[in-house]
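Enquirer: Here you go, model25.txt (compact mmCIF, C-alpha atoms):
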# COMPACT_ATOMS: atom_id res chain seq x y z
CA MET A 1 -108.86 108.42 73.86
CA SER A 2 -106.10 105.83 73.49
CA GLY A 3 -104.87 104.52 70.15
CA GLU A 4 -106.63 101.21 70.77
CA ASP A 5 -109.95 102.96 71.51
CA GLN A 6 -109.57 105.06 68.39
CA ALA A 7 -109.01 101.93 66.27
CA GLU A 8 -112.09 100.25 67.75
CA ALA A 9 -114.23 103.39 67.27
CA ARG A 10 -113.16 103.53 63.64
CA LEU A 11 -114.15 99.90 63.13
CA ARG A 12 -117.57 100.57 64.73
CA GLU A 13 -118.05 103.51 62.38
CA LEU A 14 -117.29 101.28 59.40
CA LEU A 15 -119.76 98.72 60.71
CA ARG A 16 -122.54 101.32 60.76
CA ASP A 17 -121.67 102.59 57.27
CA PRO A 18 -124.14 101.03 54.78
CA ARG A 19 -121.32 100.72 52.22
CA TRP A 20 -119.47 98.27 54.52
CA SER A 21 -120.60 94.93 55.89
CA LEU A 22 -119.15 92.04 57.86
CA PRO A 23 -119.53 88.42 56.81
CA ALA A 24 -122.57 86.69 58.22
CA GLY A 25 -122.19 85.40 61.76
CA PRO A 26 -123.29 85.92 65.38
CA ASP A 27 -122.62 89.06 67.36
CA PRO A 28 -121.07 91.50 64.89
CA GLU A 29 -119.84 93.68 67.78
CA GLN A 30 -117.71 90.85 69.17
CA ARG A 31 -116.30 90.32 65.72
CA VAL A 32 -115.32 93.99 65.59
CA ARG A 33 -113.50 93.65 68.92
CA ARG A 34 -111.63 90.55 67.71
CA ALA A 35 -110.62 92.41 64.54
CA ALA A 36 -109.31 95.30 66.63
CA ARG A 37 -107.22 92.95 68.80
CA ALA A 38 -105.79 91.24 65.70
CA GLN A 39 -104.84 94.63 64.25
CA ARG A 40 -103.05 95.56 67.48
CA ARG A 41 -101.07 92.29 67.41
CA ARG A 42 -99.99 92.96 63.83
CA LEU A 43 -98.82 96.43 64.73
CA ALA A 44 -96.89 95.07 67.71
CA GLY A 45 -95.23 92.48 65.48
CA LEU A 46 -94.16 95.10 62.99
CA ALA A 47 -92.73 97.21 65.78
CA GLY A 48 -90.69 94.23 66.96
CA VAL A 49 -89.29 93.62 63.48
CA ALA A 50 -88.33 97.30 63.17
CA ALA A 51 -86.56 97.16 66.52
CA ALA A 52 -84.63 94.04 65.50
CA ALA A 53 -83.62 95.68 62.23
CA ALA A 54 -82.29 98.66 64.17
CA VAL A 55 -80.14 96.35 66.32
CA ILE A 56 -78.75 94.58 63.21
CA ALA A 57 -77.88 97.90 61.58
CA VAL A 58 -75.94 98.99 64.67
CA ALA A 59 -74.07 95.66 64.74
CA ILE A 60 -72.69 96.05 61.18
CA PRO A 61 -69.11 97.41 61.36
CA ALA A 62 -68.41 100.80 59.86
CA GLY A 63 -67.21 100.64 56.28
CA VAL A 64 -69.28 97.59 55.38
CA GLY A 65 -72.41 97.87 53.29
CA VAL A 66 -75.21 95.49 52.46
CA LEU A 67 -74.09 91.83 52.32
CA GLY A 68 -70.53 92.82 53.16
CA HIS A 69 -69.92 95.03 50.14
CA PRO A 70 -67.89 98.21 50.66
CA ALA A 71 -70.02 101.11 51.83
CA GLY A 72 -68.57 103.47 49.25
CA PRO A 73 -65.70 105.95 48.87
CA ALA A 74 -65.99 107.03 52.49
CA ALA A 75 -65.35 103.50 53.76
CA HIS A 76 -62.04 102.94 55.53
CA ARG A 77 -59.66 100.82 53.47
CA ARG A 78 -56.06 99.77 53.73
CA PRO A 79 -53.69 102.09 51.85
CA ALA A 80 -52.51 100.81 48.47
CA THR A 81 -49.05 99.31 48.16
CA LEU A 82 -46.68 100.16 45.33
CA TYR A 83 -44.36 97.38 44.15
CA ILE A 84 -41.08 98.26 42.45
CA TYR A 85 -39.09 95.57 40.63
CA GLY A 86 -35.42 95.96 39.88
CA SER A 87 -31.85 94.80 40.52
CA ASP A 88 -30.07 95.27 43.81
CA VAL A 89 -26.44 94.30 44.41
CA GLY A 90 -23.89 92.22 42.55
CA SER A 91 -23.12 92.03 38.87
CA GLY A 92 -23.75 89.82 35.87
CA ALA A 93 -25.31 86.45 36.60
CA ASN A 94 -25.03 87.12 40.34
CA ARG A 95 -26.92 90.39 40.28
CA ALA A 96 -29.84 90.07 42.71
CA ASN A 97 -33.41 90.80 41.64
CA VAL A 98 -35.64 92.40 44.25
CA VAL A 99 -39.22 93.58 44.65
CA ILE A 100 -39.61 96.52 47.01
CA PRO A 101 -43.06 97.26 48.51
CA VAL A 102 -43.82 100.92 49.21
CA ASN A 103 -46.62 102.12 51.51
CA THR A 104 -48.35 104.83 49.47
CA ALA A 105 -49.84 106.48 52.57
CA THR A 106 -46.45 107.09 54.18
CA GLY A 107 -44.09 106.82 51.22
CA THR A 108 -42.07 104.30 53.19
CA PRO A 109 -40.30 101.44 51.40
CA GLY A 110 -40.47 98.03 53.01
CA LYS A 111 -37.96 95.21 53.19
CA PRO A 112 -36.75 94.07 49.75
CA ILE A 113 -38.14 90.73 48.57
CA HIS A 114 -35.44 88.72 46.83
CA VAL A 115 -36.70 86.97 43.70
CA GLY A 116 -33.60 85.35 42.21
CA VAL A 117 -30.46 86.52 40.46
CA GLY A 118 -29.35 87.40 36.97
CA GLY A 119 -30.56 90.97 36.68
CA THR A 120 -33.92 92.16 35.46
CA TRP A 121 -32.90 93.15 31.94
CA PRO A 122 -33.97 91.80 29.63
CA GLY A 123 -37.20 90.27 30.84
CA GLY A 124 -37.97 92.47 33.82
CA MET A 125 -41.69 93.07 34.30
CA ILE A 126 -44.10 92.91 37.23
CA VAL A 127 -47.90 92.52 37.28
CA ILE A 128 -50.40 91.98 40.09
CA THR A 129 -53.52 89.81 40.08
CA PRO A 130 -56.86 91.65 40.17
CA ASN A 131 -57.47 90.58 43.79
CA GLY A 132 -54.09 91.98 44.80
CA LYS A 133 -52.94 88.77 46.47
CA THR A 134 -50.08 87.86 44.13
CA ALA A 135 -47.48 89.72 42.12
CA TYR A 136 -45.67 88.01 39.24
CA VAL A 137 -42.23 88.99 37.98
CA THR A 138 -40.46 87.81 34.83
CA THR A 139 -36.73 87.16 34.98
CA ALA A 140 -33.85 86.99 32.54
CA SER A 141 -33.23 83.41 33.68
CA GLY A 142 -36.39 82.19 31.95
CA THR A 143 -38.73 82.01 34.95
CA ILE A 144 -41.76 83.71 36.44
CA ILE A 145 -41.75 84.15 40.20
CA PRO A 146 -44.98 84.67 42.18
CA VAL A 147 -44.82 86.89 45.25
CA ASN A 148 -47.38 86.61 48.06
CA THR A 149 -48.27 90.25 48.79
CA ALA A 150 -49.73 89.45 52.24
CA THR A 151 -46.54 87.81 53.52
CA ALA A 152 -44.04 89.48 51.17
CA THR A 153 -42.53 86.10 50.32
CA PRO A 154 -41.56 84.71 46.91
CA GLY A 155 -43.03 81.42 45.75
CA LYS A 156 -41.59 78.60 43.71
CA PRO A 157 -40.25 79.79 40.32
CA ILE A 158 -42.36 78.83 37.32
CA HIS A 159 -40.06 77.69 34.54
CA ILE A 160 -41.20 78.76 31.11
CA ARG A 161 -38.53 78.20 28.44
CA GLY A 162 -34.97 79.22 27.78
CA ARG A 163 -32.34 81.35 29.47
CA ASN A 164 -30.78 83.35 26.67
CA LEU A 165 -31.75 86.66 25.10
CA GLY A 166 -33.93 85.09 22.44
CA ASN A 167 -35.80 82.72 24.73
CA ARG A 168 -36.42 84.78 27.84
CA PRO A 169 -39.94 85.64 29.05
CA ASP A 170 -40.61 89.24 28.12
CA PHE A 171 -44.08 90.67 28.70
CA ILE A 172 -46.69 89.27 31.06
CA ALA A 173 -50.38 90.06 31.53
CA ILE A 174 -53.14 88.54 33.66
CA THR A 175 -56.73 87.92 32.61
CA PRO A 176 -59.39 90.04 34.37
CA ASP A 177 -60.59 87.02 36.38
CA GLY A 178 -57.03 86.43 37.62
CA LYS A 179 -57.03 82.76 36.62
CA THR A 180 -54.41 82.86 33.87
CA ALA A 181 -51.19 84.74 33.23
CA TYR A 182 -50.01 85.01 29.64
CA VAL A 183 -46.28 85.36 29.03
CA SER A 184 -44.77 86.31 25.67
CA HIS A 185 -41.47 84.92 24.33
CA PRO A 186 -40.61 87.05 21.30
CA GLY A 187 -37.52 84.96 20.51
CA LEU A 188 -39.55 81.76 20.44
CA ARG A 189 -42.50 83.48 18.77
CA THR A 190 -44.85 82.11 21.40
CA VAL A 191 -47.16 83.16 24.20
CA THR A 192 -47.50 80.76 27.13
CA PRO A 193 -50.58 80.60 29.39
CA VAL A 194 -49.91 79.91 33.07
CA ASN A 195 -52.53 78.64 35.52
CA THR A 196 -52.19 81.02 38.48
CA ALA A 197 -53.87 78.58 40.90
CA THR A 198 -51.36 75.80 40.26
CA GLY A 199 -48.41 77.68 38.76
CA THR A 200 -48.47 75.31 35.81
CA PRO A 201 -47.54 76.55 32.32
CA GLY A 202 -49.73 75.37 29.46
CA LYS A 203 -48.96 74.65 25.84
CA PRO A 204 -47.23 77.58 24.11
CA ILE A 205 -49.32 79.47 21.55
CA ASN A 206 -47.50 80.16 18.28
CA ILE A 207 -47.67 83.82 17.27
CA HIS A 208 -46.43 84.69 13.79
CA GLY A 209 -44.39 87.87 13.58
CA LEU A 210 -42.85 88.03 17.05
CA PHE A 211 -39.21 89.14 17.14
CA PRO A 212 -36.54 88.72 19.86
CA LEU A 213 -36.75 92.34 21.01
CA TRP A 214 -39.31 94.97 21.96
CA ASP A 215 -42.61 93.34 21.12
CA GLY A 216 -45.06 90.80 22.49
CA GLN A 217 -47.13 93.17 24.62
CA ILE A 218 -50.45 91.66 25.71
CA VAL A 219 -53.79 93.22 26.68
CA PHE A 220 -57.22 91.72 27.32
CA MET A 221 -60.75 92.71 26.50
CA PRO A 222 -62.73 93.85 29.59
CA GLY A 223 -64.49 90.46 29.80
CA GLY A 224 -61.23 88.58 29.27
CA LYS A 225 -62.48 86.47 26.35
CA THR A 226 -59.89 87.83 23.92
CA GLY A 227 -56.28 88.86 24.32
CA TYR A 228 -54.25 90.89 21.80
CA VAL A 229 -50.52 90.49 21.20
CA THR A 230 -48.37 93.01 19.33
CA THR A 231 -45.56 91.92 17.00
CA TRP A 232 -42.51 93.43 15.36
CA SER A 233 -43.86 92.63 11.91
CA GLY A 234 -46.58 95.27 12.22
CA THR A 235 -49.46 93.01 13.23
CA VAL A 236 -51.67 92.38 16.25
CA THR A 237 -52.76 88.79 16.89
CA PRO A 238 -55.98 88.05 18.80
CA ILE A 239 -56.04 85.03 21.14
CA ASN A 240 -59.21 83.24 22.19
CA THR A 241 -58.59 82.71 25.92
CA ALA A 242 -61.17 79.91 26.13
CA THR A 243 -59.33 77.77 23.56
CA ASN A 244 -55.92 79.51 23.49
CA ALA A 245 -56.17 79.52 19.72
CA PRO A 246 -54.58 82.46 17.86
CA GLY A 247 -56.70 84.31 15.34
CA LYS A 248 -55.78 85.89 12.03
CA PRO A 249 -53.09 88.59 12.43
CA ILE A 250 -54.42 92.15 12.07
CA PRO A 251 -52.11 94.36 9.95
CA VAL A 252 -51.52 97.77 11.53
CA GLY A 253 -48.07 98.77 10.21
CA PHE A 254 -45.32 97.57 7.92
CA GLY A 255 -41.53 97.62 7.87
CA PRO A 256 -38.93 98.15 10.61
CA SER A 257 -40.02 101.76 11.14
CA ASN A 258 -43.62 100.71 11.70
CA PHE A 259 -43.21 97.92 14.24
CA THR A 260 -45.95 97.79 16.85
CA GLY A 261 -45.29 98.77 20.43
CA GLY A 262 -47.86 99.63 23.05
CA ILE A 263 -51.50 98.61 22.94
CA VAL A 264 -54.56 99.59 24.99
CA ILE A 265 -58.27 98.85 24.84
CA THR A 266 -61.02 101.36 25.52
CA PRO A 267 -63.01 100.76 28.73
CA ASP A 268 -66.09 99.78 26.71
CA GLY A 269 -64.01 97.20 24.83
CA LYS A 270 -65.03 98.44 21.41
CA THR A 271 -61.64 99.67 20.18
CA ALA A 272 -58.00 98.74 20.62
CA TYR A 273 -55.31 101.32 19.92
CA VAL A 274 -51.83 100.16 18.97
CA THR A 275 -48.76 102.30 18.43
CA THR A 276 -46.61 102.00 15.34
CA GLY A 277 -43.61 103.91 14.09
CA SER A 278 -45.93 106.26 12.24
CA GLY A 279 -48.51 106.90 14.95
CA VAL A 280 -51.49 105.01 16.33
CA THR A 281 -53.87 102.60 14.61
CA PRO A 282 -57.38 101.86 15.96
CA ILE A 283 -58.79 98.32 15.72
CA ASN A 284 -62.49 97.52 15.74
CA THR A 285 -62.60 94.64 18.24
CA ALA A 286 -65.99 93.40 17.00
CA THR A 287 -64.60 92.72 13.53
CA ASN A 288 -60.84 92.78 14.24
CA THR A 289 -60.32 95.22 11.38
CA PRO A 290 -57.87 98.13 11.51
CA GLY A 291 -59.08 101.68 11.03
CA LYS A 292 -57.40 104.72 9.57
CA PRO A 293 -54.00 105.37 11.23
CA ILE A 294 -53.71 108.46 13.41
CA HIS A 295 -50.48 110.27 12.54
CA VAL A 296 -48.95 112.16 15.44
CA GLY A 297 -45.74 113.42 13.82
CA ASN A 298 -43.37 111.12 15.64
CA SER A 299 -41.24 108.37 14.13
CA SER A 300 -41.21 106.42 17.39
CA THR A 301 -44.34 105.92 19.52
CA PRO A 302 -43.67 102.91 21.78
CA ALA A 303 -45.99 103.73 24.69
CA ILE A 304 -49.69 104.51 25.01
CA ALA A 305 -52.32 104.92 27.77
CA ILE A 306 -56.02 105.73 27.93
CA THR A 307 -58.24 107.41 30.52
CA PRO A 308 -60.91 105.35 32.31
What do you get writing this file as C-alpha cells?
Expert:
Amino acid sequence: MSGEDQAEARLRELLRDPRWSLPAGPDPEQRVRRAARAQRRRLAGLAGVAAAAAVIAVAIPAGVGVLGHPAGPAAHRRPATLYIYGSDVGSGANRANVVIPVNTATGTPGKPIHVGVGGTWPGGMIVITPNGKTAYVTTASGTIIPVNTATATPGKPIHIRGRNLGNRPDFIAITPDGKTAYVSHPGLRTVTPVNTATGTPGKPINIHGLFPLWDGQIVFMPGGKTGYVTTWSGTVTPINTATNAPGKPIPVGFGPSNFTGGIVITPDGKTAYVTTGSGVTPINTATNTPGKPIHVGNSSTPAIAITP
C-alpha cells in the first residue's frame, strides 16, 4: 500500500470512529478524499522548502555562519598583523619615525611606513582601533598620525598642541566603539578627545595633577562610558565620555614615591587597579572609591596587566 493510500485509509478509520466526526455536508467520503489530497499538497510543499534550504546552506561560503557572522574558532581568518613603532635612520629632529607591520603567521616584517620625523621619544605610542582599520601613533612633534592598515599608508597628521617636552602628546587610548581617541598632555595637564571619523581634535579636558613626565595613562570601562586618567600627584580622574567632563579625582597614593603609573580595569568593569610606588590600589568603579592598597614589596610598580 502506498503512502497516499495509507493516509486515506487512516482518514476513513477516523471517520468511522464514533469519537470523531466531520462537519455537516454532503458526501462525507468525498470530503475525506479532498482532505487527503490537501494533506499530500502540504507535505509536498514542506519537502520543497526543505530542499531549498539545503541549497542555501550549500551556497554559504565556508567560515561564515548565520547572517554572515563568523562560524567559530574553526573558521578561516586572515592572520593577525603586529605593528611596531620606532625610529629608523637619522638623528635629532631629522630622525625618521616608522611603523613596521609584521605578519604573525610567517614572522615576516613588511615595508616600513614612514610617519614623520623627530624621533619617537618622548611621545612614542601606537594604538589600533577596535575594527583594526586604523593605527594611531603619537609623535614628539606634537601630532597624531593615522595609518590605514589595509593600504599601509599614513594619513594627514592631526595637530594637537605644542612641540616641546612639556607639551607633547604622550599617551593615547581609543574608546571601545572606536569613535574617539583620547590623548593626554601631561605638560599641559589636559586630555584631548579626537574624532576618529574626521580627525578633528575637540576641546581639551583639564585634568588636575598631571605632570610633564610619566603619567596620563588612559583606560576605558568596557562600555566606554567612563575613562580613567592617572596622574603624578597620586590620583585617578574619571572622565564622562558623553560630556567630556572630568569627575572628582580619586586619591590612590601620595608623594613623589607614590605617583600613579599603569592602570587596568577588570573585564566585568567593576574594579580598576592602578599602580603606585607602594603597590597597587583597587578602585570601585560604581562608587569611584579607592580600596585598601595591595603592597607587593616594590618601591616602583609602573606597569600592570590583567587576564581576560
Enquirer: By how many Å are CA of Thr281 (chain A) and CA of Asp177 (chain A) apart?
Expert: 27.6 Å
Enquirer: For the atom pair CA of Ile306 (chain A) and CA of Gly216 (chain A), what is the interatomic distance in Å to one decimal place?
Expert: 19.3 Å
Enquirer: Calculated over all atoms listed in the file, which of the candidates A:Thr139, A:Thr129, A:Thr287, A:Thr276 has the smallest distance to Thr235 (chain A)?
Expert: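 Of A:Thr139, A:Thr129, A:Thr287, A:Thr276, the one nearest Thr235 (chain A), counting all atoms listed in the file, is A:Thr276.
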Enquirer: Excluding Tyr182 (chain A) and residues on its chain fewer than 4 positions from it, collect all residues at most 6 Å away from it, counting all atoms listed in the file, and give them as a short mmCIF file (atom, residue, chain, number, x, y, z; two decimals) with C-alpha atoms, in the coordinates of the input.
Expert:
data_model
loop_
_atom_site.label_atom_id
_atom_site.label_comp_id
_atom_site.auth_asym_id
_atom_site.auth_seq_id
_atom_site.Cartn_x
_atom_site.Cartn_y
_atom_site.Cartn_z
CA ILE A 172 -46.69 89.27 31.06
CA ALA A 173 -50.38 90.06 31.53
CA THR A 192 -47.50 80.76 27.13
CA PRO A 193 -50.58 80.60 29.39
#
Enquirer: Between CA of Val194 (chain A) and CA of Ile239 (chain A), what is the distance in Å, rounded to a tenth?
Expert: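 CA of Ile239 (chain A) lies at a distance of 14.4 Å from CA of Val194 (chain A).
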Enquirer: With distances taken over only C-alpha atoms, which residue among A:Pro79, A:Gly110, A:Pro293, A:Pro282 lies nearest Val98 (chain A)?
Expert: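 Distance minimum relative to Val98 (chain A) lands on A:Gly110.
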